[in-house]
Amino acid sequence: MKPTSNSYFKKALIICLYGLIGLLVLLTIIGLWGLKPLLTKRIQHAVLTATNNLYYLDFQNIQYDFTTGEAKLSGVTCQADSTLYSQLRSNKQMPDNIYQAEIKEIHLKGIKPWKIVFSSKLNLESISIKEPIIQITHQKQVYNSFKTAAPFHVILSKFVKSFSVDKVSLDNINFTYTDHSKPEIPRTSKVEHLDIELSDLQIDSASHNDKNRFYYMKECIFKLEKLEILTEDSLNKFKIRELLFSTKSRLLSIKHLEFDPLFKPIIYGNKTHGDDRIKIVCQDIKLEAIDLFKLFEEKKIYANNLFINQGKINVFTDTRIFRIPPRAKYRPFPHEAFRKWQLKFMIDTISLSRFKITYSEYNPETRLVGNVIFAQTNGKVFNFTNDSIQLQKNPHCLVLLQGKLMDKANVNINFNFNVAAQKGDFTCSGKVLNMAIANVNQVTEALVMAKAKEGFISYFAFKMNGNKFGLTGSTTMLYEDLNVMIYKFPPKKGIFKKRKLLSFIANTFVIKESNPIRKKPARIAKINYRRLPNKPFFYTLWKGLLEGIKGSVI
């Protein structure tokens, strides 16, 4: 029987199928036995070549499956050759950063060897890197400031024409960064449980100039579930519960940020010789329109808007006299302190909502704490920057706040800080409307051993000009029916004993019952407060206000 064309086709199809199966089996065997050492040598040689023999890559095992196009590397380590350090330094070739890494597993999907061989292109579906432990040691080398690093695609072109991967994920990164800019005081920062995801990574000469990409990628997402950093003085801890950042949206989102002093107020005062103890808690933070070039190239934070929703700020001032003098002749004000921060930043507008701000002052003579509370506080901060370039254009940082004084009366407070001023210049103004004077009795009892039995403030306004030497300004307080009770000083076992005679004399001959009195013009009190150099900002501000209040009622 003569074979038909259909039977020839079936035989040819069977032969091709068996041949393909045989080829796959052969290639798989080669991949398991012959390709493994070849890949190992190629990878190690590539790393050495790309890093000028500084780094050596090693791994415990490599698996490659030709049929699925998948490869796994486990027990990966990357170490710098310490014997080359002195040689690189003498030749002025030492890089600013030295890296060390340990990786549990690297999983690659979508490897197509024929494409690498015939077109010199490496295109992958995904790269998954699990539990990398990365250590970076930084020491700035002056000679590197004058060098221009070759673009990464130029370095890669020694091996392939282009490289692309749809998705790269780094899971559970443990990251340590040690800065030796000041060799005698190295600073170490640690980040744990960090996840990074890269999308549509394309490395070639065209993607290098693609404005829709950032460092060759369409998007990079950073996710962090826990961050704790100890401050340089080891007195406070900076905490973040959750952080999310996208280079595509240029949005940073933070859940529960906390600046937490590690010691209780009195102990904190002993250790700092009277510095303000500041605790900050912010529940929800969003930083918008971040300048990626400034962030990654210049290590500066530039952004348009910062939204902070729901938080607490507690400032505790210790007024004890400390034998050990402060570290500086004048304690720096807040705007003087952040001007000197190593991290430079520029944020156009900060919006605050639903804050509770508490100023607490400890009186060592009464051993009591007076608390001034600003509840339900909302506000705006404009031109928040410490970058000298921006300060030359506009040195003024404006702070506008509205809230409830003692959670009772409407209050508005405005600050204008001249961040560039060498003497810490600033102005402050504010207004309080309709409040019973008894609402501040907790403060006056603790600080001056007196309280208001009666009295109502219909209007209180102040204006002050200040610097590191003191405050000048004025206050206007319109009130009526003021009557006070003075207590014996100091209280015994927390019991306040009335000084009735002294209170009678004060109410009759010293304290003015109201302002204005009858048809006379309202009294305006002057402020001329000379600052105690070792006292912090909020203490100075409070004492200036008290001087104005005393001038209004006496």
# chains A, B, ... in the order shown; residues from 1 in each chain; ligands from 1
call {"tool": "residues_around", "arguments": {"residues": "A:Ser164", "least_positions_apart": "3", "cutoff": "9 Å", "atoms": "only C-alpha atoms", "output": "PyMOL selection string"}}
result
chain A and resi 121-125+200-204
call {"tool": "residues_around", "arguments": {"residues": "stretch 102-106 of chain A", "least_positions_apart": "2", "cutoff": "6 Å", "atoms": "only C-alpha atoms", "output": "list in words"}}
result
Lys72, Leu73, Ser74, Gly75, Val76, Thr77, Ser128, Ile129, Lys130, Glu131, Pro132 and Ile133 of chain A
call {"tool": "residues_around", "arguments": {"residues": "A:Ser474", "least_positions_apart": "6", "cutoff": "7 Å", "atoms": "only C-alpha atoms", "output": "ChimeraX atom specification"}}
result
/A:462-464,524-527,548
call {"tool": "write_last_selection", "arguments": {"atoms": "C-alpha atoms", "output": "PDB file, in the first residue's frame"}}
result
ATOM      1  CA  PHE A 462       0.431  89.525  72.165  1.00  0.00           C
ATOM      2  CA  LYS A 463       3.263  90.409  69.799  1.00  0.00           C
ATOM      3  CA  MET A 464       6.899  89.549  70.468  1.00  0.00           C
ATOM      4  CA  ILE A 524      -1.119  97.655  77.149  1.00  0.00           C
ATOM      5  CA  ALA A 525       1.712  95.855  78.940  1.00  0.00           C
ATOM      6  CA  LYS A 526       5.266  95.880  77.640  1.00  0.00           C
ATOM      7  CA  ILE A 527       7.518  92.847  77.378  1.00  0.00           C
ATOM      8  CA  GLY A 548       3.202  90.587  79.729  1.00  0.00           C
TER       9      GLY A 548
END
call {"tool": "residues_around", "arguments": {"residues": "A:Pro533", "least_positions_apart": "5", "cutoff": "10 Å", "atoms": "only C-alpha atoms", "output": "ChimeraX atom specification"}}
result
/A:326,328-332,468-470,540
call {"tool": "atom_distance", "arguments": {"atom1": "atom CA of A:Ile505", "atom2": "atom CA of A:Pro364"}}
result
27.0 Å
